[in-house]
$ cat coords.txt   # compact mmCIF, C-alpha atoms and all ligand atoms
# COMPACT_ATOMS: atom_id res chain seq x y z
CA MET W 19 25.61 83.62 11.15
CA PRO W 20 26.73 84.37 14.74
CA ARG W 21 24.24 83.40 17.42
CA PHE W 22 23.86 86.96 18.72
CA VAL W 23 22.69 88.51 15.45
CA VAL W 24 19.05 89.48 15.79
CA GLU W 25 18.39 90.96 12.36
CA TYR W 26 15.16 89.02 12.13
CA GLY W 27 14.08 88.62 8.53
CA SER W 28 17.61 88.34 7.15
CA VAL W 29 17.68 84.76 8.47
CA GLY W 30 14.69 82.50 9.00
CA ARG W 31 11.38 83.16 7.35
CA PRO W 32 10.88 86.58 5.73
CA PRO W 33 8.70 89.02 7.70
CA GLU W 34 4.95 88.54 7.33
CA PRO W 35 2.95 91.47 5.88
CA ASP W 36 1.47 92.15 9.34
CA GLY W 37 4.95 92.59 10.88
CA ARG W 38 5.40 89.15 12.43
CA LEU W 39 9.10 88.30 12.50
CA ASP W 40 10.57 84.81 12.71
CA GLY W 41 13.56 83.93 14.88
CA PRO W 42 15.18 80.65 13.83
CA ALA W 43 16.34 80.06 17.45
CA PHE W 44 12.72 79.98 18.61
CA HIS W 45 12.12 76.74 16.71
CA ARG W 46 15.10 75.08 18.42
CA ASN W 47 14.70 76.53 21.89
CA HIS W 48 11.08 76.78 22.94
CA GLU W 49 10.48 73.11 23.68
CA PRO W 50 13.48 72.57 26.01
CA ILE W 51 12.89 75.94 27.71
CA TRP W 52 9.26 75.04 28.36
CA SER W 53 10.29 71.65 29.74
CA ALA W 54 12.44 73.45 32.36
CA MET W 55 9.58 75.77 33.39
CA ALA W 56 6.50 73.57 32.98
CA ALA W 57 6.42 72.10 36.50
CA PHE W 58 6.22 75.62 37.93
CA MET W 59 4.07 77.23 35.22
CA ASP W 60 1.47 74.44 35.01
CA GLY W 61 0.53 74.87 38.67
CA ALA W 62 0.84 78.66 38.81
CA GLN W 63 -1.70 81.49 38.69
CA GLY W 64 -1.18 85.19 38.04
CA GLU W 65 1.01 87.32 35.78
CA VAL W 66 4.18 86.46 33.86
CA LEU W 67 6.44 89.15 32.37
CA GLU W 68 8.93 88.46 29.59
CA LEU W 69 11.85 90.85 29.06
CA GLY W 70 13.58 91.11 25.69
CA SER W 71 10.77 89.19 23.94
CA GLY W 72 12.32 89.67 20.47
CA THR W 73 9.91 88.43 17.81
CA GLY W 74 7.29 87.51 20.43
CA GLN W 75 7.16 83.85 19.40
CA HIS W 76 8.24 82.41 22.77
CA VAL W 77 5.70 84.35 24.82
CA THR W 78 2.94 83.52 22.36
CA GLU W 79 3.73 79.81 22.46
CA PHE W 80 3.99 79.79 26.25
CA ALA W 81 0.72 81.72 26.62
CA ARG W 82 -0.94 79.01 24.52
CA ARG W 83 0.48 76.30 26.78
CA ALA W 84 -0.46 77.99 30.10
CA PRO W 85 -3.83 79.70 29.49
CA GLN W 86 -4.49 80.16 33.22
CA LEU W 87 -1.59 82.66 33.38
CA THR W 88 -1.62 86.19 31.94
CA TRP W 89 1.49 86.82 29.82
CA TRP W 90 3.07 90.27 29.39
CA PRO W 91 5.76 90.63 26.68
CA SER W 92 8.25 93.50 26.49
CA ASP W 93 11.33 94.70 24.60
CA TYR W 94 13.12 97.99 23.95
CA ASN W 95 13.32 97.70 20.16
CA ALA W 96 10.43 99.30 18.21
CA ARG W 97 10.50 96.75 15.37
CA HIS W 98 10.42 93.90 17.88
CA LEU W 99 7.51 95.52 19.73
CA ASP W 100 5.59 95.65 16.43
CA SER W 101 6.34 91.97 15.79
CA ILE W 102 5.25 90.95 19.30
CA GLU W 103 1.96 92.80 18.87
CA ALA W 104 1.45 91.18 15.45
CA TRP W 105 2.02 87.70 16.92
CA ARG W 106 -0.40 88.56 19.75
CA ARG W 107 -3.13 89.58 17.32
CA HIS W 108 -2.46 86.58 15.07
CA SER W 109 -2.75 84.21 18.05
CA GLY W 110 -6.11 85.49 19.22
CA LEU W 111 -5.07 84.51 22.75
CA ALA W 112 -7.09 86.26 25.46
CA ASN W 113 -4.35 85.76 28.08
CA LEU W 114 -1.59 87.50 26.07
CA ARG W 115 -1.25 91.25 26.61
CA SER W 116 0.15 93.92 24.28
CA PRO W 117 3.90 94.47 24.64
CA GLN W 118 5.37 97.13 26.89
CA ARG W 119 8.55 99.06 26.14
CA ILE W 120 10.98 98.13 28.91
CA ASP W 121 14.68 98.95 28.66
CA LEU W 122 16.77 96.92 31.09
CA THR W 123 19.55 99.51 31.06
CA ASP W 124 17.13 101.56 33.21
CA ALA W 125 17.83 100.62 36.84
CA ASP W 126 14.31 101.68 37.83
CA TRP W 127 12.46 99.70 35.17
CA THR W 128 8.96 98.69 36.15
CA TRP W 129 6.26 96.45 34.89
CA HIS W 130 3.08 98.37 34.00
CA GLY W 131 0.51 96.14 35.61
CA SER W 132 -0.94 95.79 39.05
CA GLY W 133 0.32 93.62 41.87
CA LYS W 134 3.33 91.35 42.04
CA LEU W 135 4.46 88.98 39.30
CA THR W 136 4.30 85.19 39.48
CA ALA W 137 7.25 84.80 37.11
CA ILE W 138 9.72 86.73 34.97
CA LEU W 139 11.33 85.23 31.88
CA CYS W 140 14.39 86.42 29.96
CA ILE W 141 15.73 84.41 27.02
CA ASN W 142 19.05 85.05 25.28
CA VAL W 143 19.50 88.64 26.44
CA LEU W 144 22.22 88.79 29.10
CA HIS W 145 25.18 87.91 26.85
CA ILE W 146 24.30 90.55 24.24
CA SER W 147 23.90 93.41 26.68
CA PRO W 148 26.07 95.24 29.22
CA TRP W 149 26.55 93.78 32.71
CA ARG W 150 24.20 96.40 34.15
CA VAL W 151 21.33 94.71 32.27
CA SER W 152 22.00 91.55 34.31
CA GLN W 153 22.15 93.66 37.48
CA ASN W 154 18.94 95.49 36.65
CA LEU W 155 17.10 92.32 35.64
CA ILE W 156 17.84 90.61 38.94
CA ASP W 157 17.28 93.72 41.09
CA GLY W 158 13.95 94.27 39.33
CA ALA W 159 12.95 90.66 39.85
CA GLY W 160 13.60 91.09 43.56
CA ARG W 161 11.32 94.14 43.61
CA GLN W 162 8.53 92.85 41.39
CA LEU W 163 8.17 89.09 41.99
CA ARG W 164 5.81 87.84 44.67
CA ASP W 165 7.19 85.57 47.36
CA GLY W 166 7.69 82.14 45.84
CA GLY W 167 7.75 83.64 42.32
CA ARG W 168 10.44 82.63 39.84
CA LEU W 169 12.91 84.38 37.56
CA PHE W 170 13.81 82.10 34.63
CA ILE W 171 16.85 83.03 32.53
CA TYR W 172 17.95 81.09 29.45
CA GLY W 173 21.23 81.35 27.62
CA PRO W 174 24.89 80.33 27.62
CA PHE W 175 26.61 80.75 31.00
CA LYS W 176 29.92 80.06 32.72
CA ARG W 177 29.95 78.01 35.93
CA ASP W 178 32.46 78.83 38.69
CA GLY W 179 34.48 80.97 36.33
CA ALA W 180 34.80 78.33 33.61
CA HIS W 181 33.06 77.87 30.28
CA THR W 182 30.95 74.73 30.03
CA ALA W 183 32.19 73.93 26.51
CA PRO W 184 34.93 75.09 24.09
CA SER W 185 32.23 76.39 21.73
CA ASN W 186 30.98 78.73 24.47
CA ALA W 187 34.51 80.07 24.99
CA THR W 188 34.77 80.80 21.25
CA PHE W 189 31.33 82.39 21.31
CA ASP W 190 32.27 84.54 24.31
CA ALA W 191 35.39 85.80 22.53
CA SER W 192 33.35 86.67 19.43
CA LEU W 193 30.82 88.56 21.53
CA ARG W 194 33.51 90.57 23.31
CA ALA W 195 35.19 91.35 19.99
CA GLU W 196 31.88 92.64 18.66
CA ASN W 197 31.19 94.70 21.80
CA PRO W 198 33.45 94.79 24.88
CA ASP W 199 30.39 95.25 27.11
CA TRP W 200 28.89 91.92 25.98
CA GLY W 201 29.86 88.44 27.05
CA VAL W 202 28.82 85.10 28.51
CA ARG W 203 27.91 85.66 32.18
CA ASP W 204 28.89 83.49 35.14
CA VAL W 205 26.20 81.77 37.22
CA ARG W 206 28.27 82.45 40.36
CA GLU W 207 28.14 86.22 39.73
CA LEU W 208 24.42 86.08 38.99
CA ASP W 209 23.95 84.19 42.29
CA THR W 210 25.71 87.04 44.09
CA LEU W 211 23.27 89.52 42.52
CA ALA W 212 20.38 87.22 43.41
CA GLN W 213 21.40 87.06 47.06
CA ALA W 214 21.39 90.86 47.31
CA ALA W 215 17.95 90.96 45.66
CA GLY W 216 16.33 88.44 48.00
CA LEU W 217 16.34 85.57 45.51
CA SER W 218 17.60 82.00 45.93
CA PRO W 219 20.73 80.74 44.18
CA ALA W 220 20.01 79.49 40.66
CA GLU W 221 18.50 76.08 40.19
CA ILE W 222 20.20 74.95 36.99
CA THR W 223 18.70 72.90 34.16
CA THR W 224 21.03 71.92 31.32
CA MET W 225 19.77 72.58 27.81
CA PRO W 226 20.88 71.46 24.33
CA ALA W 227 23.85 73.23 22.71
CA ASN W 228 25.53 74.03 26.05
CA ASN W 229 22.86 76.43 27.22
CA LEU W 230 21.25 76.55 30.67
CA VAL W 231 17.97 77.56 32.23
CA LEU W 232 18.54 79.31 35.57
CA ALA W 233 15.58 79.47 37.95
CA PHE W 234 15.79 81.91 40.87
CA ALA W 235 13.05 81.84 43.53
CA ARG W 236 12.05 84.92 45.47
CA GLY W 237 11.94 84.66 49.23
CA VAL W 238 13.94 81.44 49.42
CA ARG W 239 16.97 82.15 51.60
CA HIS W 240 20.63 81.62 50.77
CA ASN W 241 22.49 79.51 53.35
C1 LIG A 1 18.93 87.56 20.95
S1 LIG A 1 17.43 88.45 21.09
C2 LIG A 1 16.42 87.25 21.91
C3 LIG A 1 14.96 87.47 21.68
C4 LIG A 1 14.02 86.45 22.30
N1 LIG A 1 14.10 86.49 23.74
C5 LIG A 1 14.33 85.08 21.79
O1 LIG A 1 15.00 84.33 22.48
O2 LIG A 1 13.90 84.75 20.68
C6 LIG A 1 17.74 89.65 22.35
C7 LIG A 1 16.58 90.57 22.63
O3 LIG A 1 16.91 91.38 23.74
C8 LIG A 1 16.46 92.68 23.48
N2 LIG A 1 17.26 93.59 24.31
C9 LIG A 1 18.59 93.85 24.21
N3 LIG A 1 18.96 94.77 25.10
C10 LIG A 1 17.83 95.10 25.80
C11 LIG A 1 17.57 96.01 26.85
N4 LIG A 1 18.51 96.80 27.34
N5 LIG A 1 16.31 96.09 27.35
C12 LIG A 1 15.33 95.31 26.82
N6 LIG A 1 15.53 94.43 25.81
C13 LIG A 1 16.76 94.34 25.31
C14 LIG A 1 16.66 92.87 21.98
O4 LIG A 1 15.88 93.91 21.46
C15 LIG A 1 16.24 91.50 21.47
O5 LIG A 1 14.86 91.46 21.21

$ encode --input "coords.txt" --output "structure tokens"
Amino acid sequence: MPRFVVEYGSVGRPPEPDGRLDGPAFHRNHEPIWSAMAAFMDGAQGEVLELGSGTGQHVTEFARRAPQLTWWPSDYNARHLDSIEAWRRHSGLANLRSPQRIDLTDADWTWHGSGKLTAILCINVLHISPWRVSQNLIDGAGRQLRDGGRLFIYGPFKRDGAHTAPSNATFDASLRAENPDWGVRDVRELDTLAQAAGLSPAEITTMPANNLVLAFARGVRHN
């Protein structure tokens, strides 16, 4: 099964009667992703928005681990929004809000809450979406993060124009064959977007299976 297929329910556990979907990648990914964010999240206060929340399992797990933060999931897919809401209800967590429909192809996307965000999180979205989704994500983070806030992005990435592993090159080719607008993005190009949006260059944490967590800080100047 290719890594970009998100037909939840056809792999992993079957859907629960209440609509909760299971993403097999969640079980592999959430622990290392949290380890890259924990130092920031543990000491933070305020609101955290996730974009492209998928099943809702990551945001639910992270809301459990950081109860002092308020977590706001989102996606653009109706079935995923139903699953996120079902996970929220199942969790009983008071600091996890109902999902919002946010489509990152909309350049003017906004978070429907009040004030600036402490953090934005986006896991495994940028390689299965057009380049303008990367542009809009980073532009929107520049607009909606508070100073010192962080944008965390997880996925496979190129560095300085080169793949970090042969398996990522093969994956990139399969993505582009599936949809010419998709593909593994380059950290250098994301840094260029970040600079224009008032964010720092990415602080990079290596992850299992040749993935990375990129952490961009708002209000930290490029040299
Ligand atoms: C591979 S899944 C990852 C889901 C989840 N973040 C995870 O890691 O388990 C990609 C998600 O991005 C969402 N997505 C794709 N394009 C999007 C867009 N333009 N705006 C918002 N979400 C989008 C999909 O609906 C899907 O839920």

$ axis_aligned_box --input "coords.txt" --around "range 108-116 of chain W" --padding-each-side "4 Å" --output "lines of an AutoDock Vina configuration file"
center_x = -3.5
center_y = 89.1
center_z = 21.6
size_x = 15.2
size_y = 17.7
size_z = 21.0

$ residues_near_ligand --input "coords.txt" --ligand "ligand LIG 1 (chain A)" --cutoff "8 Å" --atoms "all atoms listed in the file" --output "mmCIF file with C-alpha atoms, in the coordinates of the input"
data_model
loop_
_atom_site.group_PDB
_atom_site.id
_atom_site.type_symbol
_atom_site.label_atom_id
_atom_site.label_comp_id
_atom_site.auth_asym_id
_atom_site.auth_seq_id
_atom_site.Cartn_x
_atom_site.Cartn_y
_atom_site.Cartn_z
ATOM 1 C CA ARG W 21 24.240 83.400 17.420
ATOM 2 C CA PHE W 22 23.860 86.960 18.720
ATOM 3 C CA VAL W 23 22.690 88.510 15.450
ATOM 4 C CA VAL W 24 19.050 89.480 15.790
ATOM 5 C CA GLY W 41 13.560 83.930 14.880
ATOM 6 C CA ALA W 43 16.340 80.060 17.450
ATOM 7 C CA PHE W 44 12.720 79.980 18.610
ATOM 8 C CA ASN W 47 14.700 76.530 21.890
ATOM 9 C CA LEU W 69 11.850 90.850 29.060
ATOM 10 C CA GLY W 70 13.580 91.110 25.690
ATOM 11 C CA SER W 71 10.770 89.190 23.940
ATOM 12 C CA GLY W 72 12.320 89.670 20.470
ATOM 13 C CA THR W 73 9.910 88.430 17.810
ATOM 14 C CA GLY W 74 7.290 87.510 20.430
ATOM 15 C CA GLN W 75 7.160 83.850 19.400
ATOM 16 C CA HIS W 76 8.240 82.410 22.770
ATOM 17 C CA SER W 92 8.250 93.500 26.490
ATOM 18 C CA ASP W 93 11.330 94.700 24.600
ATOM 19 C CA TYR W 94 13.120 97.990 23.950
ATOM 20 C CA ASN W 95 13.320 97.700 20.160
ATOM 21 C CA HIS W 98 10.420 93.900 17.880
ATOM 22 C CA ARG W 119 8.550 99.060 26.140
ATOM 23 C CA ILE W 120 10.980 98.130 28.910
ATOM 24 C CA ASP W 121 14.680 98.950 28.660
ATOM 25 C CA LEU W 122 16.770 96.920 31.090
ATOM 26 C CA THR W 123 19.550 99.510 31.060
ATOM 27 C CA ASP W 124 17.130 101.560 33.210
ATOM 28 C CA CYS W 140 14.390 86.420 29.960
ATOM 29 C CA ILE W 141 15.730 84.410 27.020
ATOM 30 C CA ASN W 142 19.050 85.050 25.280
ATOM 31 C CA VAL W 143 19.500 88.640 26.440
ATOM 32 C CA LEU W 144 22.220 88.790 29.100
ATOM 33 C CA ILE W 146 24.300 90.550 24.240
ATOM 34 C CA SER W 147 23.900 93.410 26.680
ATOM 35 C CA PRO W 148 26.070 95.240 29.220
ATOM 36 C CA VAL W 151 21.330 94.710 32.270
#

$ closest_residue --input "coords.txt" --among "W:Pro85, W:Gly37, W:Gly64, W:Pro174" --to "Gly131 in chain W" --atoms "only C-alpha atoms"
W:Gly64

$ atom_distance --input "coords.txt" --atom1 "CA of Leu163 in chain W" --atom2 "CA of Thr128 in chain W"
11.3 Å

$ residues_near_point --input "coords.txt" --point "(28.6, 86.6, 30.4)" --cutoff "8 Å" --atoms "only C-alpha atoms" --output "list in words"
Leu144, His145, Trp149, Pro174, Phe175, Lys176, Asp190, Trp200, Gly201, Val202, Arg203 and Asp204 of chain W

$ atom_distance --input "coords.txt" --atom1 "CA of Ala214 in chain W" --atom2 "CA of Ser152 in chain W"
13.0 Å

$ closest_residue --input "coords.txt" --among "W:Tyr26, W:Trp90, W:Phe234, W:Trp105" --to "Phe58 in chain W" --atoms "all atoms listed in the file"
W:Phe234

$ closest_residue --input "coords.txt" --among "W:Thr188, W:Gln153, W:Asn113, W:Gln118" --to "Pro91 in chain W" --atoms "all atoms listed in the file"
W:Gln118

$ atom_distance --input "coords.txt" --atom1 "CA of Ile102 in chain W" --atom2 "CA of Leu230 in chain W"
24.3 Å

$ residues_near_point --input "coords.txt" --point "(-4.2, 82.5, 26.2)" --cutoff "10 Å" --atoms "all atoms listed in the file" --output "list in words"
Thr78, Glu79, Phe80, Ala81, Arg82, Arg83, Ala84, Pro85, Gln86, Leu87, Thr88, Trp89, Arg106, Ser109, Gly110, Leu111, Ala112, Asn113, Leu114 and Arg115 of chain W

$ closest_residue --input "coords.txt" --among "W:Gly27, W:Gly173, W:Pro226, W:Gly160" --to "Asp40 in chain W" --atoms "all atoms listed in the file"
W:Gly27

$ closest_residue --input "coords.txt" --among "W:Ala137, W:Ala183, W:Leu155, W:Leu169" --to "Met59 in chain W" --atoms "all atoms listed in the file"
W:Ala137

$ residues_around --input "coords.txt" --residues "Ile51 in chain W" --least-positions-apart "2" --cutoff "9 Å" --atoms "all atoms listed in the file" --output "list in words"
Asn47, His48, Glu49, Ser53, Ala54, Met55, Ala56, Ile141, Tyr172, Met225, Leu230 and Val231 of chain W

$ closest_residue --input "coords.txt" --among "W:Asn186, W:Glu68, W:Arg107, W:Arg97" --to "Trp129 in chain W" --atoms "all atoms listed in the file"
W:Glu68

$ residues_around --input "coords.txt" --residues "Thr136 in chain W" --least-positions-apart "5" --cutoff "8 Å" --atoms "all atoms listed in the file" --output "ChimeraX atom specification"
/W:62-66,163-164,166-168

$ write_last_selection --input "coords.txt" --atoms "C-alpha atoms" --output "short mmCIF file (atom, residue, chain, number, x, y, z; two decimals), keeping the file's coordinate frame"
data_model
loop_
_atom_site.label_atom_id
_atom_site.label_comp_id
_atom_site.auth_asym_id
_atom_site.auth_seq_id
_atom_site.Cartn_x
_atom_site.Cartn_y
_atom_site.Cartn_z
CA ALA W 62 0.84 78.66 38.81
CA GLN W 63 -1.70 81.49 38.69
CA GLY W 64 -1.18 85.19 38.04
CA GLU W 65 1.01 87.32 35.78
CA VAL W 66 4.18 86.46 33.86
CA LEU W 163 8.17 89.09 41.99
CA ARG W 164 5.81 87.84 44.67
CA GLY W 166 7.69 82.14 45.84
CA GLY W 167 7.75 83.64 42.32
CA ARG W 168 10.44 82.63 39.84
#

$ build_atoms --input "coords.txt" --residues "range 140-151 of chain W" --atoms "all heavy atoms" --output "short mmCIF file (atom, residue, chain, number, x, y, z; two decimals), in the frame of the given file"
data_model
loop_
_atom_site.label_atom_id
_atom_site.label_comp_id
_atom_site.auth_asym_id
_atom_site.auth_seq_id
_atom_site.Cartn_x
_atom_site.Cartn_y
_atom_site.Cartn_z
N CYS W 140 13.45 85.64 30.78
CA CYS W 140 14.39 86.42 29.96
C CYS W 140 15.27 85.44 29.19
O CYS W 140 16.07 84.71 29.78
CB CYS W 140 15.22 87.34 30.86
SG CYS W 140 16.21 88.54 29.97
N ILE W 141 15.11 85.42 27.87
CA ILE W 141 15.73 84.41 27.02
C ILE W 141 16.76 85.07 26.11
O ILE W 141 16.42 85.97 25.33
CB ILE W 141 14.65 83.70 26.16
CG1 ILE W 141 13.61 83.02 27.07
CG2 ILE W 141 15.29 82.69 25.21
CD1 ILE W 141 12.42 82.44 26.30
N ASN W 142 17.99 84.62 26.20
CA ASN W 142 19.05 85.05 25.28
C ASN W 142 19.22 86.57 25.22
O ASN W 142 19.29 87.16 24.12
CB ASN W 142 18.79 84.49 23.87
CG ASN W 142 19.43 83.12 23.70
OD1 ASN W 142 20.39 82.76 24.40
ND2 ASN W 142 18.91 82.34 22.75
N VAL W 143 19.30 87.19 26.38
CA VAL W 143 19.50 88.64 26.44
C VAL W 143 20.81 88.99 27.15
O VAL W 143 21.53 89.90 26.73
CB VAL W 143 18.31 89.34 27.15
CG1 VAL W 143 18.59 90.84 27.32
CG2 VAL W 143 17.01 89.13 26.38
N LEU W 144 21.16 88.29 28.22
CA LEU W 144 22.22 88.79 29.10
C LEU W 144 23.61 88.79 28.47
O LEU W 144 24.46 89.59 28.87
CB LEU W 144 22.24 87.98 30.41
CG LEU W 144 20.95 88.05 31.24
CD1 LEU W 144 21.17 87.44 32.61
CD2 LEU W 144 20.42 89.48 31.35
N HIS W 145 23.85 87.94 27.47
CA HIS W 145 25.18 87.91 26.85
C HIS W 145 25.33 88.95 25.74
O HIS W 145 26.44 89.22 25.31
CB HIS W 145 25.51 86.50 26.32
CG HIS W 145 24.52 85.98 25.33
ND1 HIS W 145 23.26 85.57 25.70
CD2 HIS W 145 24.60 85.80 23.99
CE1 HIS W 145 22.61 85.15 24.63
NE2 HIS W 145 23.39 85.29 23.57
N ILE W 146 24.20 89.52 25.29
CA ILE W 146 24.30 90.55 24.24
C ILE W 146 23.87 91.91 24.79
O ILE W 146 23.27 92.71 24.08
CB ILE W 146 23.46 90.18 23.00
CG1 ILE W 146 22.01 89.88 23.40
CG2 ILE W 146 24.08 89.02 22.24
CD1 ILE W 146 21.02 90.43 22.42
N SER W 147 24.23 92.14 26.03
CA SER W 147 23.90 93.41 26.68
C SER W 147 24.96 93.68 27.75
O SER W 147 25.66 92.76 28.18
CB SER W 147 22.50 93.33 27.31
OG SER W 147 22.41 92.24 28.21
N PRO W 148 25.07 94.93 28.20
CA PRO W 148 26.07 95.24 29.22
C PRO W 148 25.72 94.57 30.56
O PRO W 148 24.56 94.24 30.81
CB PRO W 148 25.99 96.77 29.36
CG PRO W 148 25.07 97.26 28.32
CD PRO W 148 24.33 96.12 27.74
N TRP W 149 26.72 94.44 31.41
CA TRP W 149 26.55 93.78 32.71
C TRP W 149 25.43 94.43 33.51
O TRP W 149 24.71 93.77 34.26
CB TRP W 149 27.87 93.81 33.47
CG TRP W 149 27.81 93.28 34.86
CD1 TRP W 149 28.11 93.95 36.02
CD2 TRP W 149 27.42 91.96 35.29
NE1 TRP W 149 27.94 93.14 37.12
CE2 TRP W 149 27.51 91.90 36.70
CE3 TRP W 149 27.00 90.81 34.60
CZ2 TRP W 149 27.20 90.76 37.44
CZ3 TRP W 149 26.68 89.67 35.35
CH2 TRP W 149 26.78 89.65 36.74
N ARG W 150 25.24 95.76 33.34
CA ARG W 150 24.20 96.40 34.15
C ARG W 150 22.81 95.89 33.79
O ARG W 150 21.88 95.99 34.60
CB ARG W 150 24.27 97.93 34.06
CG ARG W 150 23.91 98.54 32.73
CD ARG W 150 24.06 100.07 32.83
NE ARG W 150 23.61 100.75 31.62
CZ ARG W 150 24.33 100.83 30.51
NH1 ARG W 150 25.53 100.28 30.43
NH2 ARG W 150 23.85 101.48 29.45
N VAL W 151 22.63 95.33 32.60
CA VAL W 151 21.33 94.71 32.27
C VAL W 151 21.09 93.49 33.15
O VAL W 151 19.98 93.28 33.66
CB VAL W 151 21.28 94.37 30.76
CG1 VAL W 151 20.17 93.38 30.45
CG2 VAL W 151 21.09 95.65 29.95
#
